[in-house]
Every structure is written in structure tokens, then in C-alpha cells.
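Enquirer: Just one file: upload38.tsv, with TSV, N, CA and C atoms.
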```
chain	number	residue	atom	x	y	z
A	1	GLN	N	-5.87	12.26	2.72
A	1	GLN	CA	-5.46	13.24	1.74
A	1	GLN	C	-4.56	14.27	2.40
A	2	VAL	N	-3.43	14.53	1.80
A	2	VAL	CA	-2.47	15.50	2.32
A	2	VAL	C	-2.23	16.56	1.26
A	3	GLN	N	-2.36	17.80	1.66
A	3	GLN	CA	-2.03	18.90	0.75
A	3	GLN	C	-0.65	19.45	1.11
A	4	LEU	N	0.11	19.78	0.10
A	4	LEU	CA	1.47	20.27	0.29
A	4	LEU	C	1.60	21.66	-0.32
A	5	VAL	N	2.23	22.56	0.41
A	5	VAL	CA	2.41	23.93	-0.07
A	5	VAL	C	3.87	24.33	0.11
A	6	GLU	N	4.54	24.63	-1.02
A	6	GLU	CA	5.93	25.06	-0.97
A	6	GLU	C	6.03	26.57	-0.79
A	7	SER	N	7.15	27.00	-0.22
A	7	SER	CA	7.46	28.42	-0.10
A	7	SER	C	8.97	28.58	-0.02
A	8	GLY	N	9.41	29.82	-0.17
A	8	GLY	CA	10.83	30.10	0.00
A	8	GLY	C	11.62	30.31	-1.27
A	9	GLY	N	10.97	30.12	-2.41
A	9	GLY	CA	11.67	30.36	-3.67
A	9	GLY	C	11.92	31.84	-3.89
A	10	GLY	N	12.70	32.13	-4.91
A	10	GLY	CA	13.00	33.52	-5.23
A	10	GLY	C	14.15	33.65	-6.17
A	11	LEU	N	14.64	34.88	-6.28
A	11	LEU	CA	15.78	35.19	-7.15
A	11	LEU	C	17.02	35.37	-6.29
A	12	VAL	N	18.09	34.69	-6.66
A	12	VAL	CA	19.33	34.77	-5.90
A	12	VAL	C	20.51	34.75	-6.87
A	13	GLN	N	21.60	35.38	-6.47
A	13	GLN	CA	22.80	35.36	-7.31
A	13	GLN	C	23.54	34.04	-7.16
A	14	ALA	N	24.27	33.70	-8.19
A	14	ALA	CA	25.08	32.48	-8.13
A	14	ALA	C	25.99	32.54	-6.90
A	15	GLY	N	26.08	31.40	-6.22
A	15	GLY	CA	26.85	31.32	-5.00
A	15	GLY	C	26.03	31.57	-3.74
A	16	GLY	N	24.82	32.03	-3.93
A	16	GLY	CA	23.96	32.33	-2.80
A	16	GLY	C	23.22	31.12	-2.27
A	17	SER	N	22.34	31.39	-1.33
A	17	SER	CA	21.60	30.32	-0.65
A	17	SER	C	20.12	30.64	-0.58
A	18	LEU	N	19.34	29.58	-0.53
A	18	LEU	CA	17.91	29.68	-0.29
A	18	LEU	C	17.48	28.49	0.55
A	19	ARG	N	16.41	28.68	1.30
A	19	ARG	CA	15.82	27.57	2.05
A	19	ARG	C	14.36	27.44	1.65
A	20	LEU	N	14.05	26.31	1.05
A	20	LEU	CA	12.67	26.02	0.68
A	20	LEU	C	11.97	25.28	1.80
A	21	SER	N	10.68	25.56	1.95
A	21	SER	CA	9.86	24.85	2.93
A	21	SER	C	8.65	24.25	2.23
A	22	CYS	N	8.17	23.18	2.79
A	22	CYS	CA	6.97	22.52	2.29
A	22	CYS	C	6.11	22.20	3.51
A	23	ALA	N	4.95	22.82	3.57
A	23	ALA	CA	4.04	22.61	4.69
A	23	ALA	C	2.95	21.62	4.29
A	24	ALA	N	2.73	20.65	5.15
A	24	ALA	CA	1.73	19.62	4.89
A	24	ALA	C	0.49	19.86	5.73
A	25	SER	N	-0.65	19.49	5.18
A	25	SER	CA	-1.92	19.68	5.89
A	25	SER	C	-2.21	18.55	6.87
A	26	GLY	N	-1.48	17.46	6.74
A	26	GLY	CA	-1.68	16.32	7.61
A	26	GLY	C	-0.37	15.69	8.00
A	27	SER	N	-0.45	14.62	8.74
A	27	SER	CA	0.77	13.96	9.22
A	27	SER	C	1.61	13.41	8.06
A	28	ILE	N	2.91	13.64	8.16
A	28	ILE	CA	3.84	13.13	7.16
A	28	ILE	C	4.84	12.15	7.77
A	29	SER	N	4.67	11.84	9.03
A	29	SER	CA	5.69	11.08	9.75
A	29	SER	C	5.97	9.71	9.13
A	30	SER	N	5.00	9.10	8.51
A	30	SER	CA	5.20	7.78	7.94
A	30	SER	C	5.55	7.81	6.47
A	31	MET	N	5.66	9.00	5.93
A	31	MET	CA	5.86	9.15	4.49
A	31	MET	C	7.30	9.38	4.10
A	32	TYR	N	7.65	8.91	2.92
A	32	TYR	CA	8.88	9.32	2.28
A	32	TYR	C	8.59	10.68	1.61
A	33	MET	N	9.50	11.61	1.78
A	33	MET	CA	9.31	12.96	1.27
A	33	MET	C	10.41	13.26	0.25
A	34	HIS	N	10.05	14.03	-0.75
A	34	HIS	CA	10.97	14.28	-1.86
A	34	HIS	C	10.91	15.74	-2.31
A	35	TRP	N	12.00	16.20	-2.85
A	35	TRP	CA	12.04	17.44	-3.60
A	35	TRP	C	12.37	17.09	-5.05
A	36	TYR	N	11.58	17.62	-5.95
A	36	TYR	CA	11.82	17.51	-7.38
A	36	TYR	C	12.01	18.92	-7.94
A	37	ARG	N	12.53	18.99	-9.14
A	37	ARG	CA	12.60	20.27	-9.84
A	37	ARG	C	12.40	20.05	-11.33
A	38	GLN	N	11.92	21.10	-11.97
A	38	GLN	CA	11.73	21.06	-13.41
A	38	GLN	C	12.14	22.40	-14.01
A	39	ALA	N	13.16	22.34	-14.83
A	39	ALA	CA	13.64	23.53	-15.53
A	39	ALA	C	12.89	23.65	-16.86
A	40	PRO	N	12.81	24.85	-17.42
A	40	PRO	CA	12.12	25.04	-18.69
A	40	PRO	C	12.66	24.12	-19.78
A	41	GLY	N	11.76	23.40	-20.43
A	41	GLY	CA	12.16	22.52	-21.52
A	41	GLY	C	12.80	21.22	-21.10
A	42	LYS	N	12.84	20.97	-19.79
A	42	LYS	CA	13.48	19.75	-19.31
A	42	LYS	C	12.48	18.90	-18.54
A	43	ARG	N	12.85	17.64	-18.36
A	43	ARG	CA	12.00	16.74	-17.60
A	43	ARG	C	12.14	17.01	-16.10
A	44	ARG	N	11.09	16.69	-15.38
A	44	ARG	CA	11.15	16.81	-13.92
A	44	ARG	C	12.19	15.82	-13.39
A	45	GLU	N	13.03	16.27	-12.48
A	45	GLU	CA	14.05	15.40	-11.92
A	45	GLU	C	13.97	15.37	-10.40
A	46	LEU	N	14.33	14.22	-9.86
A	46	LEU	CA	14.36	14.05	-8.41
A	46	LEU	C	15.64	14.69	-7.87
A	47	VAL	N	15.48	15.57	-6.91
A	47	VAL	CA	16.60	16.29	-6.32
A	47	VAL	C	17.08	15.62	-5.04
A	48	ALA	N	16.13	15.30	-4.15
A	48	ALA	CA	16.50	14.75	-2.85
A	48	ALA	C	15.32	13.99	-2.26
A	49	THR	N	15.65	13.00	-1.45
A	49	THR	CA	14.65	12.17	-0.77
A	49	THR	C	15.05	12.03	0.69
A	50	ILE	N	14.05	12.04	1.56
A	50	ILE	CA	14.27	11.72	2.96
A	50	ILE	C	13.23	10.69	3.36
A	51	THR	N	13.70	9.58	3.92
A	51	THR	CA	12.79	8.51	4.30
A	51	THR	C	12.07	8.85	5.60
A	52	SER	N	11.11	8.01	5.95
A	52	SER	CA	10.41	8.21	7.22
A	52	SER	C	11.36	8.08	8.40
A	53	GLY	N	12.43	7.36	8.22
A	53	GLY	CA	13.43	7.18	9.28
A	53	GLY	C	14.52	8.24	9.29
A	54	GLY	N	14.49	9.11	8.29
A	54	GLY	CA	15.46	10.20	8.27
A	54	GLY	C	16.66	9.99	7.36
A	55	SER	N	16.73	8.88	6.68
A	55	SER	CA	17.82	8.67	5.73
A	55	SER	C	17.61	9.56	4.51
A	56	THR	N	18.72	10.01	3.94
A	56	THR	CA	18.63	10.96	2.83
A	56	THR	C	19.38	10.45	1.61
A	57	ASN	N	18.96	10.95	0.45
A	57	ASN	CA	19.62	10.63	-0.79
A	57	ASN	C	19.50	11.84	-1.71
A	58	TYR	N	20.55	12.07	-2.50
A	58	TYR	CA	20.60	13.28	-3.33
A	58	TYR	C	21.00	12.95	-4.76
A	59	ALA	N	20.53	13.77	-5.67
A	59	ALA	CA	21.02	13.71	-7.03
A	59	ALA	C	22.49	14.13	-7.03
A	60	ASP	N	23.27	13.55	-7.92
A	60	ASP	CA	24.70	13.87	-7.97
A	60	ASP	C	24.92	15.37	-8.19
A	61	SER	N	24.03	16.00	-8.93
A	61	SER	CA	24.20	17.40	-9.28
A	61	SER	C	24.08	18.34	-8.09
A	62	VAL	N	23.49	17.88	-6.98
A	62	VAL	CA	23.29	18.76	-5.83
A	62	VAL	C	24.00	18.25	-4.58
A	63	LYS	N	24.61	17.08	-4.69
A	63	LYS	CA	25.25	16.47	-3.53
A	63	LYS	C	26.34	17.40	-2.98
A	64	GLY	N	26.33	17.61	-1.68
A	64	GLY	CA	27.30	18.49	-1.05
A	64	GLY	C	26.87	19.94	-0.99
A	65	ARG	N	25.83	20.29	-1.73
A	65	ARG	CA	25.34	21.68	-1.75
A	65	ARG	C	23.95	21.81	-1.13
A	66	PHE	N	23.12	20.79	-1.32
A	66	PHE	CA	21.74	20.83	-0.83
A	66	PHE	C	21.59	19.87	0.35
A	67	THR	N	20.69	20.24	1.28
A	67	THR	CA	20.39	19.38	2.42
A	67	THR	C	18.87	19.31	2.60
A	68	ILE	N	18.36	18.09	2.59
A	68	ILE	CA	16.94	17.87	2.83
A	68	ILE	C	16.76	17.50	4.30
A	69	SER	N	15.70	18.03	4.90
A	69	SER	CA	15.40	17.70	6.30
A	69	SER	C	13.90	17.75	6.50
A	70	ARG	N	13.47	17.23	7.63
A	70	ARG	CA	12.05	17.20	7.92
A	70	ARG	C	11.80	17.45	9.40
A	71	ASP	N	10.64	18.01	9.70
A	71	ASP	CA	10.20	18.21	11.08
A	71	ASP	C	8.79	17.64	11.13
A	72	ASN	N	8.68	16.42	11.58
A	72	ASN	CA	7.37	15.75	11.57
A	72	ASN	C	6.38	16.44	12.51
A	73	ALA	N	6.87	16.95	13.62
A	73	ALA	CA	5.97	17.61	14.57
A	73	ALA	C	5.34	18.85	13.95
A	74	LYS	N	6.12	19.56	13.14
A	74	LYS	CA	5.60	20.75	12.47
A	74	LYS	C	4.99	20.42	11.11
A	75	LYS	N	5.08	19.16	10.71
A	75	LYS	CA	4.55	18.73	9.41
A	75	LYS	C	5.19	19.52	8.27
A	76	LYS	N	6.53	19.62	8.33
A	76	LYS	CA	7.24	20.40	7.33
A	76	LYS	C	8.43	19.64	6.77
A	77	LEU	N	8.71	19.95	5.52
A	77	LEU	CA	9.87	19.45	4.81
A	77	LEU	C	10.68	20.67	4.37
A	78	TYR	N	12.01	20.52	4.38
A	78	TYR	CA	12.88	21.63	4.03
A	78	TYR	C	13.90	21.20	2.99
A	79	LEU	N	14.38	22.19	2.24
A	79	LEU	CA	15.52	21.98	1.36
A	79	LEU	C	16.43	23.20	1.49
A	80	GLU	N	17.56	23.00	2.13
A	80	GLU	CA	18.58	24.04	2.26
A	80	GLU	C	19.47	23.95	1.04
A	81	MET	N	19.55	25.06	0.29
A	81	MET	CA	20.31	25.08	-0.95
A	81	MET	C	21.43	26.10	-0.83
A	82	ASN	N	22.66	25.65	-0.94
A	82	ASN	CA	23.83	26.51	-0.84
A	82	ASN	C	24.63	26.44	-2.14
A	83	SER	N	25.51	27.41	-2.31
A	83	SER	CA	26.38	27.47	-3.50
A	83	SER	C	25.55	27.29	-4.77
A	84	LEU	N	24.49	28.04	-4.85
A	84	LEU	CA	23.57	27.88	-5.98
A	84	LEU	C	24.22	28.28	-7.30
A	85	LYS	N	23.82	27.56	-8.33
A	85	LYS	CA	24.34	27.77	-9.67
A	85	LYS	C	23.19	28.13	-10.61
A	86	PRO	N	23.48	28.80	-11.70
A	86	PRO	CA	22.41	29.12	-12.67
A	86	PRO	C	21.65	27.88	-13.12
A	87	GLU	N	22.33	26.75	-13.22
A	87	GLU	CA	21.66	25.52	-13.65
A	87	GLU	C	20.72	24.95	-12.60
A	88	ASP	N	20.69	25.53	-11.41
A	88	ASP	CA	19.71	25.13	-10.40
A	88	ASP	C	18.37	25.84	-10.62
A	89	THR	N	18.32	26.75	-11.55
A	89	THR	CA	17.08	27.46	-11.84
A	89	THR	C	16.00	26.49	-12.30
A	90	ALA	N	14.87	26.51	-11.62
A	90	ALA	CA	13.78	25.56	-11.91
A	90	ALA	C	12.61	25.87	-10.99
A	91	VAL	N	11.50	25.22	-11.28
A	91	VAL	CA	10.40	25.18	-10.32
A	91	VAL	C	10.64	23.96	-9.44
A	92	TYR	N	10.61	24.17	-8.15
A	92	TYR	CA	10.87	23.11	-7.18
A	92	TYR	C	9.55	22.66	-6.56
A	93	TYR	N	9.38	21.34	-6.52
A	93	TYR	CA	8.16	20.74	-6.01
A	93	TYR	C	8.49	19.80	-4.85
A	94	CYS	N	7.66	19.79	-3.84
A	94	CYS	CA	7.76	18.73	-2.84
A	94	CYS	C	6.69	17.68	-3.15
A	95	ALA	N	7.02	16.46	-2.78
A	95	ALA	CA	6.12	15.34	-3.03
A	95	ALA	C	6.22	14.37	-1.87
A	96	ALA	N	5.15	13.62	-1.67
A	96	ALA	CA	5.11	12.67	-0.56
A	96	ALA	C	4.49	11.37	-1.03
A	97	GLY	N	4.96	10.29	-0.43
A	97	GLY	CA	4.42	9.00	-0.80
A	97	GLY	C	4.94	7.90	0.09
A	98	ASP	N	4.86	6.69	-0.44
A	98	ASP	CA	5.31	5.54	0.34
A	98	ASP	C	6.77	5.23	0.00
A	99	SER	N	7.22	4.09	0.45
A	99	SER	CA	8.62	3.73	0.23
A	99	SER	C	8.89	3.24	-1.18
A	100	GLY	N	7.83	3.07	-1.95
A	100	GLY	CA	8.00	2.64	-3.34
A	100	GLY	C	7.99	3.82	-4.27
A	101	SER	N	7.39	3.63	-5.41
A	101	SER	CA	7.39	4.68	-6.43
A	101	SER	C	6.14	5.54	-6.41
A	102	ASN	N	5.27	5.30	-5.47
A	102	ASN	CA	4.03	6.09	-5.42
A	102	ASN	C	4.31	7.49	-4.88
A	103	ARG	N	3.83	8.49	-5.58
A	103	ARG	CA	3.92	9.88	-5.15
A	103	ARG	C	2.54	10.51	-5.30
A	104	PRO	N	1.61	10.17	-4.45
A	104	PRO	CA	0.26	10.67	-4.65
A	104	PRO	C	0.05	12.13	-4.30
A	105	TYR	N	0.99	12.69	-3.54
A	105	TYR	CA	0.81	14.06	-3.07
A	105	TYR	C	1.90	14.97	-3.60
A	106	TRP	N	1.48	16.08	-4.19
A	106	TRP	CA	2.39	17.05	-4.78
A	106	TRP	C	1.99	18.46	-4.40
A	107	GLY	N	2.98	19.31	-4.23
A	107	GLY	CA	2.72	20.72	-4.07
A	107	GLY	C	2.59	21.41	-5.41
A	108	GLN	N	2.33	22.70	-5.37
A	108	GLN	CA	2.12	23.47	-6.61
A	108	GLN	C	3.42	24.01	-7.18
A	109	GLY	N	4.49	23.95	-6.41
A	109	GLY	CA	5.80	24.37	-6.89
A	109	GLY	C	6.15	25.79	-6.47
A	110	THR	N	7.45	26.03	-6.36
A	110	THR	CA	7.97	27.36	-6.07
A	110	THR	C	9.16	27.62	-6.99
A	111	GLN	N	9.20	28.82	-7.57
A	111	GLN	CA	10.22	29.14	-8.55
A	111	GLN	C	11.52	29.55	-7.87
A	112	VAL	N	12.61	28.95	-8.31
A	112	VAL	CA	13.95	29.35	-7.89
A	112	VAL	C	14.70	29.81	-9.14
A	113	THR	N	15.21	31.03	-9.09
A	113	THR	CA	15.97	31.57	-10.20
A	113	THR	C	17.33	32.01	-9.70
A	114	VAL	N	18.37	31.48	-10.31
A	114	VAL	CA	19.74	31.81	-9.93
A	114	VAL	C	20.38	32.58	-11.08
A	115	SER	N	20.76	33.81	-10.80
A	115	SER	CA	21.37	34.66	-11.83
A	115	SER	C	22.89	34.52	-11.80
A	116	SER	N	23.49	34.65	-12.96
A	116	SER	CA	24.95	34.51	-13.06
A	116	SER	C	25.66	35.84	-12.86
```
Spit out the file's structure as C-alpha cells when you get a sec.
Expert:
Amino acid sequence: QVQLVESGGGLVQAGGSLRLSCAASGSISSMYMHWYRQAPGKRRELVATITSGGSTNYADSVKGRFTISRDNAKKKLYLEMNSLKPEDTAVYYCAAGDSGSNRPYWGQGTQVTVSS
């Protein structure tokens, strides 16, 4: 069982930056790690994925602006968000699982609000 806790959310002006962190209670080295977000009235969407080997993938809407990274020794996942837009406003969640579609571990979420 792995518990995930996000931090780093907040209020930022458009064009600004934030760095989200996700701390795990156990080893994540073999896990695929993900950042999701959910805006009010919208479905949860996958923002970024980093494999156990370090390969990354991004939603088109954040490509070139967001960077996902991991530090297995520290049991942490990060999301560096630059050039933020009001449409990036959402609750951001980290999730962990296997290489398939399983996501058994989720954090409680952290709010990101981007003002125009």
C-alpha cells in the first residue's frame, strides 16, 4: 500500500509558474507515475505520465509548458508548470500504478488557480 500526498498548489497569475510535488509513503521505483487534473464541471484528465524507466508523455494542452520528473530515492514525483494559463485551473492529483491502466494509488489533490 502506497499513500500519496500532493503539495505546491496555489494561486498564480497567468504566465507564472508552480512546482507540484507528490510524496509517497513507500517505494515508487517500479511504478508508472501520473499527474491528473480535474477542473470544475469537467472530467478528470491525464496531464502527464512518467514510466519507471523515466520516459515521459504529456497531454497536448500542456506539452512544452509542463515537465514531469521523479526522484525514486526521495520517493517523490514532481510537476513543473510554466507559462500557466487560466484554463490550467484545476485540482491536480498524482497517481501511481503499473504499466497498464491500473491506478490503485491516488493522492488527495492540490488546488491550482491561475488568474487572468
Enquirer: Please indicate the distance in Å from CA of Glu45 (chain A) to CA of Ser83 (chain A), rounded to one decimal place.
Expert: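 These atoms are spaced 19.2 Å apart.
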Enquirer: Hey, which of A:Pro104, A:Tyr92, A:Gly54, A:Leu84 ends up closest to Ala14 (chain A)? Count all atoms listed in the file.
Expert: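 Looking only at the distances to Ala14 (chain A), the closest residue turns out to be A:Leu84.
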Enquirer: Write out as a tab-separated table the residues of region 10-50 of chain A that have any atom within 7 Å of an atom of region 96-103 of chain A, one row each with the nearest atom pair and its distance in Å to one decimal, counting only N, CA and C atoms, sorted by chain and then rising number.
Expert:
```
residue	atom	partner	partner_atom	distance
A:Ser30	C	A:Gly97	C	6.4
A:Met31	CA	A:Gly97	C	4.7
A:Tyr32	N	A:Gly97	C	4.0
A:Met33	CA	A:Ala96	CA	4.6
A:His34	N	A:Ala96	N	5.0
```
Enquirer: Dump as JSON, numbers by chain all residues having an atom at most 8 Å from (14.2, 19.0, 5.5), computed in the file's coordinates with all atoms listed in the file.
Expert: {"A": [20, 21, 22, 50, 67, 68, 69, 70, 71, 76, 77, 78, 79, 80]}
Enquirer: What is the distance, in Å and to one decimal place, between CA of Asn72 (chain A) and CA of Gly9 (chain A)?
Expert: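 Result for CA of Asn72 (chain A) versus CA of Gly9 (chain A): 21.5 Å, one decimal.
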Enquirer: Quick one: distance from CA of Gln1 (chain A) to atom C of Ala95 (chain A) in Å, one decimal?
Expert: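 Distance reported for this atom pair: 12.3 Å.
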Enquirer: Excluding Val47 (chain A) and residues on its chain fewer than 3 positions from it, collect all residues at most 6 Å away from it, counting only N, CA and C atoms, and give them as a list in words.
Expert: Trp35, Tyr36, Arg37, Asn57, Tyr58 and Ala59 of chain A
Enquirer: Applying 10 Å and only C-alpha atoms, which residues near Ser115 (chain A) remain after dropping the ones on its own chain fewer than 5 positions away? List them as a VMD selection string.
Expert: chain A and resid 11 to 16 84 to 89
Enquirer: Using the selection just defined, write its residues with N, CA and C atoms as a tab-separated table (two decimals), in the frame of the given file.
Expert:
```tsv
chain	number	residue	atom	x	y	z
A	11	LEU	N	14.64	34.88	-6.28
A	11	LEU	CA	15.78	35.19	-7.15
A	11	LEU	C	17.02	35.37	-6.29
A	12	VAL	N	18.09	34.69	-6.66
A	12	VAL	CA	19.33	34.77	-5.90
A	12	VAL	C	20.51	34.75	-6.87
A	13	GLN	N	21.60	35.38	-6.47
A	13	GLN	CA	22.80	35.36	-7.31
A	13	GLN	C	23.54	34.04	-7.16
A	14	ALA	N	24.27	33.70	-8.19
A	14	ALA	CA	25.08	32.48	-8.13
A	14	ALA	C	25.99	32.54	-6.90
A	15	GLY	N	26.08	31.40	-6.22
A	15	GLY	CA	26.85	31.32	-5.00
A	15	GLY	C	26.03	31.57	-3.74
A	16	GLY	N	24.82	32.03	-3.93
A	16	GLY	CA	23.96	32.33	-2.80
A	16	GLY	C	23.22	31.12	-2.27
A	84	LEU	N	24.49	28.04	-4.85
A	84	LEU	CA	23.57	27.88	-5.98
A	84	LEU	C	24.22	28.28	-7.30
A	85	LYS	N	23.82	27.56	-8.33
A	85	LYS	CA	24.34	27.77	-9.67
A	85	LYS	C	23.19	28.13	-10.61
A	86	PRO	N	23.48	28.80	-11.70
A	86	PRO	CA	22.41	29.12	-12.67
A	86	PRO	C	21.65	27.88	-13.12
A	87	GLU	N	22.33	26.75	-13.22
A	87	GLU	CA	21.66	25.52	-13.65
A	87	GLU	C	20.72	24.95	-12.60
A	88	ASP	N	20.69	25.53	-11.41
A	88	ASP	CA	19.71	25.13	-10.40
A	88	ASP	C	18.37	25.84	-10.62
A	89	THR	N	18.32	26.75	-11.55
A	89	THR	CA	17.08	27.46	-11.84
A	89	THR	C	16.00	26.49	-12.30
```
Enquirer: What parts of chain A does DSSP call strand (DSSP E or B)? I'd like the answer as number ranges by chain.
Expert: A: 4-7, 10-13, 18-24, 32-38, 45-50, 56-58, 66-71, 76-81, 90-97, 105-106, 110-115
Enquirer: Counting all atoms listed in the file, which of A:Gln3, A:Gln38, A:Asn82, A:Thr56 gets nearest to Leu18 (chain A)?
Expert: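 Residue with the minimum atom-to-atom distance to Leu18 (chain A): A:Asn82.
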Enquirer: Between A:Trp106, A:Arg65, A:Ser25, A:Gln111, which one has atoms that come closest to Ser7 (chain A), using all atoms listed in the file?
Expert: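 Comparing A:Trp106, A:Arg65, A:Ser25, A:Gln111 against Ser7 (chain A), the winner is A:Gln111.
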Enquirer: So, with all atoms listed in the file as the atoms that count, which of A:Met81, A:Val91, A:Ala73, A:Val114 lies closest to Arg19 (chain A)?
Expert: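 Residue with the minimum atom-to-atom distance to Arg19 (chain A): A:Met81.
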Enquirer: Taking only C-alpha atoms into account, name the residue in A:Gly8, A:Thr113, A:Cys94, A:Gly107 that is nearest to Leu46 (chain A).
Expert: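 Among the listed residues, the smallest separation from Leu46 (chain A) belongs to A:Cys94.
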